[in-house]
Amino acid sequence: MPCGAVATHSVPGHGFAHSHERATRDGIARRLATLKGFDFVGEYDPTRPLSGPVYLVPSDTLVGLAAAAALGVRDEHDLFGGTVPYSLVATKAITHPLVAPGAIAPAGWSPEFGARVQDAVLAGVTAFSDTDARSAAKRLLEYGPVRIKPVRATGGRGQIVVSDLGALEAVLNTVDAMCLAEDGLVLEENLTEVTTFSVGQVRVAGLIASYYGTQRLTPDNSGAAVYGGSDLVVARGDFEALVALNPPEDTRLAVAQAQIYDQAAMDCFAGMFASRRNYDIAQGLDAAGRLRCGVLEQSWRIGGASGAEVAALEAFRADPGLRAVRASTVEIYGEVEPPPNATVYFQGVDERDGPMTKYARTEPHHV
C-alpha cells in the first residue's frame, strides 16, 4: 500500500502555467510517485488531510527556509527541486561578483560565492543600480560586446547584446529602478559559436543520477528558434561516477565547472538544499576568438530536462546493474506523432504556443 503522497505545488508569484507546463509537471509528479511508492494526489492543498509524508513537486525553487518548512519541506527528501534562503539565490544574479567590494547589493548577497566560482564562470558583473551597471559595462566593453541578462528570465528571453555605452543606456532606460535594486542585472562577456551544456544531478527515492548533455533548438509555430529538448548521458551515482564514463575533454571541463558552482552554493548559502540540480554551461568564442567556457546559471527546480532525468531514474530502478543510460527530452511544434517507446507528457494545442508535443525516451549507453 502507498505510504505517502506526491503533490504538485504552484509557487505564488511564479506566473501563469500554460497547458503544456501543467501537464508536464503532473506527468513527472505521477512518475515520481511510482518511484517512491506514493500516491499522486494532484495540486497540494494544505486543508486536505493526508496520511504519511507528502513529497512536493513545486513549479519553482522554494524561497525561505521557514516558508518551506511550513509546507513540510525540511530537506531534499521532501521535494523535487530546491529550497534557498533568499530569492536572489535562485536567480542568475549570484553567478557574478559586484563591480567593486561594497557595491550595492540586497540582503543575502554572498561575496564569498563570487570568489569561489570565478574560474568556473564567464567574465561578468551583477549590478543592483544603474551607476554600477555603467561602471561594469565600461570595464567589460574594453574586451568586446556585452550580453545584458534579466536575472529571472529563462530560455534566453529578454537578453540583449550591446557594443557601446549608448546601447547600454537604451537598455537601462527600460529597466524599473525598484526591480533593478531588488533583482539586479547581469552583464556578461558575449560569446559566439556557442554550445550549451547541461550538467546536473537528481536524488529521489534512494537513487542518485548525474548527467551531462547538450540542449537543442527547434522552430516553434511562428518559426522562432526556441528550446527543443536535451540529450543526456546519465550515470548511476554522483559526479565522480559521471567522470568515470570518460566523457570528451570539453564535456569534462563543463562537469568540473558545474561541480565547483554546485559545491560553492551549498557552502555559501546557509541552509539551502536541492534534490534536483541543473547547471547550464556555455562554451564558445570571445571577441578575440579565444575559446571560453563557464557556468551561465543554475536551476534548482523542475526543468526542461526533468522528463529525461526521471526516465533515467526509472531505468536504474528497473535494472540494479545498469551503470549508465542515454535519456532525452523532446519539445516539438506542429502536428507530430511521437515514437512508440516514448513517454508523452503533452500532445495537443497549448493556449500560448499552439500545437506541440513533449516527450522523453531512453536508450542504451555503451560504456
# chains A, B, ... in the order shown; residues from 1 in each chain; ligands from 1

$ residues_around --residues "Ser163 in chain A" --least-positions-apart "6" --cutoff "10 Å" --atoms "only C-alpha atoms" --output "PyMOL selection string"
chain A and resi 137+140-142+144-147+190

$ select_by_dssp --residues "range 307-361 of chain A" --states "alpha helix (DSSP H)" --output "ChimeraX atom specification"
/A:307-318

$ closest_residue --among "A:Gly303, A:Pro106, A:Gly158, A:Gly37" --to "Ser129 in chain A" --atoms "only C-alpha atoms"
A:Pro106

$ atom_distance --atom1 "CA of Asp280 in chain A" --atom2 "CA of Gly102 in chain A"
28.5 Å

$ closest_residue --among "A:Gly81, A:Gly184, A:Gly4, A:Gly354" --to "Arg277 in chain A" --atoms "only C-alpha atoms"
A:Gly81

$ select_by_dssp --residues "range 93-211 of chain A" --states "strand (DSSP E)" --output "JSON, numbers by chain"
{"A": [124, 125, 126, 127, 146, 147, 148, 149, 150, 160, 161, 162, 185, 186, 187, 188, 189, 192, 193, 194, 195, 196, 197, 198, 199, 200, 201, 202, 203, 204, 207, 208, 209, 210, 211]}

$ write_last_selection --atoms "N, CA and C atoms" --output "compact mmCIF listing (two decimals), in the first residue's frame"
# COMPACT_ATOMS: atom_id res chain seq x y z
N GLY A 124 32.07 38.62 -15.94
CA GLY A 124 30.80 39.31 -15.81
C GLY A 124 30.67 39.99 -14.47
N VAL A 125 29.60 40.77 -14.35
CA VAL A 125 29.29 41.53 -13.14
C VAL A 125 27.78 41.51 -12.94
N THR A 126 27.35 41.48 -11.68
CA THR A 126 25.96 41.69 -11.34
C THR A 126 25.83 43.07 -10.71
N ALA A 127 24.90 43.87 -11.21
CA ALA A 127 24.71 45.24 -10.74
C ALA A 127 23.30 45.42 -10.20
N VAL A 146 28.96 43.03 -24.85
CA VAL A 146 28.49 42.58 -23.54
C VAL A 146 27.03 42.14 -23.65
N ARG A 147 26.74 41.02 -23.05
CA ARG A 147 25.37 40.50 -23.02
C ARG A 147 24.69 40.97 -21.73
N ILE A 148 23.53 41.62 -21.88
CA ILE A 148 22.74 42.09 -20.74
C ILE A 148 21.63 41.07 -20.50
N LYS A 149 21.54 40.57 -19.25
CA LYS A 149 20.63 39.46 -18.96
C LYS A 149 19.72 39.76 -17.76
N PRO A 150 18.39 39.79 -17.97
CA PRO A 150 17.48 39.84 -16.82
C PRO A 150 17.68 38.58 -15.98
N ILE A 160 19.98 41.01 -24.31
CA ILE A 160 20.36 41.97 -25.35
C ILE A 160 21.88 42.10 -25.35
N VAL A 161 22.48 42.11 -26.53
CA VAL A 161 23.92 42.30 -26.66
C VAL A 161 24.18 43.76 -27.03
N VAL A 162 25.06 44.43 -26.27
CA VAL A 162 25.39 45.83 -26.54
C VAL A 162 26.88 45.93 -26.85
N LEU A 185 20.89 43.02 -12.34
CA LEU A 185 21.03 42.84 -13.78
C LEU A 185 22.41 42.25 -14.02
N VAL A 186 22.49 41.23 -14.87
CA VAL A 186 23.77 40.60 -15.18
C VAL A 186 24.34 41.19 -16.46
N LEU A 187 25.62 41.56 -16.41
CA LEU A 187 26.38 41.99 -17.58
C LEU A 187 27.51 40.99 -17.76
N GLU A 188 27.60 40.37 -18.95
CA GLU A 188 28.50 39.23 -19.13
C GLU A 188 29.12 39.29 -20.52
N GLU A 189 30.37 38.83 -20.62
CA GLU A 189 31.01 38.79 -21.94
C GLU A 189 30.16 37.97 -22.90
N THR A 192 30.28 33.80 -29.14
CA THR A 192 29.69 33.37 -30.40
C THR A 192 30.03 31.89 -30.62
N GLU A 193 29.33 31.27 -31.58
CA GLU A 193 29.50 29.84 -31.88
C GLU A 193 29.39 29.02 -30.59
N VAL A 194 28.29 29.23 -29.89
CA VAL A 194 28.12 28.69 -28.54
C VAL A 194 27.51 27.30 -28.56
N THR A 195 28.07 26.42 -27.74
CA THR A 195 27.43 25.15 -27.38
C THR A 195 27.05 25.25 -25.91
N THR A 196 25.78 24.93 -25.61
CA THR A 196 25.32 24.99 -24.22
C THR A 196 25.20 23.58 -23.67
N PHE A 197 25.99 23.29 -22.64
CA PHE A 197 25.95 22.00 -21.97
C PHE A 197 25.00 22.07 -20.77
N SER A 198 24.37 20.95 -20.48
CA SER A 198 23.61 20.78 -19.25
C SER A 198 24.32 19.74 -18.40
N VAL A 199 24.60 20.11 -17.16
CA VAL A 199 25.21 19.18 -16.20
C VAL A 199 24.35 19.21 -14.96
N GLY A 200 24.03 18.04 -14.43
CA GLY A 200 23.14 18.05 -13.27
C GLY A 200 23.13 16.76 -12.49
N GLN A 201 22.30 16.77 -11.47
CA GLN A 201 22.16 15.60 -10.60
C GLN A 201 20.77 15.61 -9.98
N VAL A 202 20.18 14.40 -9.86
CA VAL A 202 18.90 14.24 -9.18
C VAL A 202 19.02 13.14 -8.14
N ARG A 203 18.32 13.33 -7.02
CA ARG A 203 18.33 12.36 -5.92
C ARG A 203 16.88 12.12 -5.52
N VAL A 204 16.39 10.93 -5.79
CA VAL A 204 14.99 10.60 -5.49
C VAL A 204 14.91 9.13 -5.06
N LEU A 207 17.83 6.82 -4.99
CA LEU A 207 18.60 6.76 -6.23
C LEU A 207 19.31 8.09 -6.47
N ILE A 208 20.53 8.01 -6.99
CA ILE A 208 21.27 9.21 -7.38
C ILE A 208 21.67 9.04 -8.84
N ALA A 209 21.39 10.06 -9.64
CA ALA A 209 21.78 10.04 -11.05
C ALA A 209 22.41 11.37 -11.39
N SER A 210 23.56 11.34 -12.07
CA SER A 210 24.26 12.54 -12.50
C SER A 210 24.41 12.49 -14.02
N TYR A 211 24.42 13.66 -14.66
CA TYR A 211 24.38 13.65 -16.12
C TYR A 211 25.11 14.84 -16.73

$ decode --residues "range 34-45 of chain A" --atoms "all heavy atoms" --output "tab-separated table (two decimals), in the first residue's frame"
chain	number	residue	atom	x	y	z
A	34	THR	N	5.33	6.92	-8.43
A	34	THR	CA	5.56	5.50	-8.65
A	34	THR	C	6.94	5.10	-8.15
A	34	THR	O	7.11	4.05	-7.50
A	34	THR	CB	5.42	5.17	-10.15
A	34	THR	OG1	4.09	5.49	-10.58
A	34	THR	CG2	5.68	3.69	-10.40
A	35	LEU	N	7.95	5.91	-8.42
A	35	LEU	CA	9.31	5.61	-7.95
A	35	LEU	C	9.36	5.53	-6.43
A	35	LEU	O	10.06	4.68	-5.86
A	35	LEU	CB	10.28	6.70	-8.43
A	35	LEU	CG	10.87	6.57	-9.83
A	35	LEU	CD1	11.62	7.84	-10.20
A	35	LEU	CD2	11.81	5.37	-9.92
A	36	LYS	N	8.62	6.40	-5.76
A	36	LYS	CA	8.66	6.45	-4.30
A	36	LYS	C	7.66	5.50	-3.64
A	36	LYS	O	7.69	5.32	-2.42
A	36	LYS	CB	8.38	7.88	-3.82
A	36	LYS	CG	9.49	8.86	-4.18
A	36	LYS	CD	9.19	10.26	-3.69
A	36	LYS	CE	9.23	10.35	-2.18
A	36	LYS	NZ	10.57	10.13	-1.60
A	37	GLY	N	6.77	4.90	-4.44
A	37	GLY	CA	5.73	4.06	-3.86
A	37	GLY	C	4.66	4.86	-3.16
A	37	GLY	O	4.02	4.39	-2.20
A	38	PHE	N	4.43	6.10	-3.64
A	38	PHE	CA	3.44	7.00	-3.05
A	38	PHE	C	2.24	7.14	-3.99
A	38	PHE	O	2.29	6.73	-5.15
A	38	PHE	CB	4.04	8.40	-2.83
A	38	PHE	CG	4.98	8.52	-1.66
A	38	PHE	CD1	5.42	7.40	-0.96
A	38	PHE	CD2	5.46	9.76	-1.28
A	38	PHE	CE1	6.31	7.52	0.11
A	38	PHE	CE2	6.35	9.89	-0.22
A	38	PHE	CZ	6.76	8.78	0.47
A	39	ASP	N	1.18	7.75	-3.49
A	39	ASP	CA	0.04	8.15	-4.31
A	39	ASP	C	0.31	9.52	-4.92
A	39	ASP	O	0.95	10.38	-4.28
A	39	ASP	CB	-1.24	8.24	-3.46
A	39	ASP	CG	-1.90	6.90	-3.24
A	39	ASP	OD1	-1.84	6.04	-4.14
A	39	ASP	OD2	-2.49	6.71	-2.15
A	40	PHE	N	-0.21	9.75	-6.11
A	40	PHE	CA	-0.22	11.10	-6.68
A	40	PHE	C	-1.57	11.72	-6.36
A	40	PHE	O	-2.61	11.15	-6.68
A	40	PHE	CB	0.01	11.08	-8.19
A	40	PHE	CG	-0.16	12.43	-8.83
A	40	PHE	CD1	0.70	13.47	-8.50
A	40	PHE	CD2	-1.18	12.66	-9.74
A	40	PHE	CE1	0.55	14.73	-9.08
A	40	PHE	CE2	-1.34	13.91	-10.32
A	40	PHE	CZ	-0.48	14.94	-9.99
A	41	VAL	N	-1.56	12.90	-5.73
A	41	VAL	CA	-2.82	13.50	-5.26
A	41	VAL	C	-3.13	14.83	-5.93
A	41	VAL	O	-4.05	15.54	-5.51
A	41	VAL	CB	-2.79	13.68	-3.73
A	41	VAL	CG1	-2.69	12.33	-3.04
A	41	VAL	CG2	-1.65	14.61	-3.28
A	42	GLY	N	-2.38	15.19	-6.99
A	42	GLY	CA	-2.67	16.44	-7.68
A	42	GLY	C	-2.06	17.64	-6.97
A	42	GLY	O	-1.06	17.53	-6.28
A	43	GLU	N	-2.69	18.79	-7.13
A	43	GLU	CA	-2.18	20.03	-6.55
A	43	GLU	C	-2.26	20.01	-5.03
A	43	GLU	O	-3.27	19.57	-4.45
A	43	GLU	CB	-2.95	21.23	-7.10
A	43	GLU	CG	-2.47	22.58	-6.63
A	43	GLU	CD	-1.13	23.02	-7.23
A	43	GLU	OE1	-0.64	22.34	-8.16
A	43	GLU	OE2	-0.59	24.04	-6.77
A	44	TYR	N	-1.21	20.45	-4.39
A	44	TYR	CA	-1.15	20.45	-2.93
A	44	TYR	C	-2.22	21.35	-2.33
A	44	TYR	O	-2.41	22.50	-2.74
A	44	TYR	CB	0.23	20.93	-2.48
A	44	TYR	CG	0.38	21.05	-0.98
A	44	TYR	CD1	0.36	19.92	-0.17
A	44	TYR	CD2	0.52	22.30	-0.38
A	44	TYR	CE1	0.50	20.03	1.20
A	44	TYR	CE2	0.66	22.41	0.99
A	44	TYR	CZ	0.65	21.27	1.78
A	44	TYR	OH	0.78	21.38	3.14
A	45	ASP	N	-2.94	20.82	-1.34
A	45	ASP	CA	-3.98	21.56	-0.63
A	45	ASP	C	-3.72	21.39	0.86
A	45	ASP	O	-3.91	20.29	1.41
A	45	ASP	CB	-5.37	21.01	-1.00
A	45	ASP	CG	-6.50	21.74	-0.28
A	45	ASP	OD1	-6.22	22.61	0.56
A	45	ASP	OD2	-7.67	21.41	-0.56
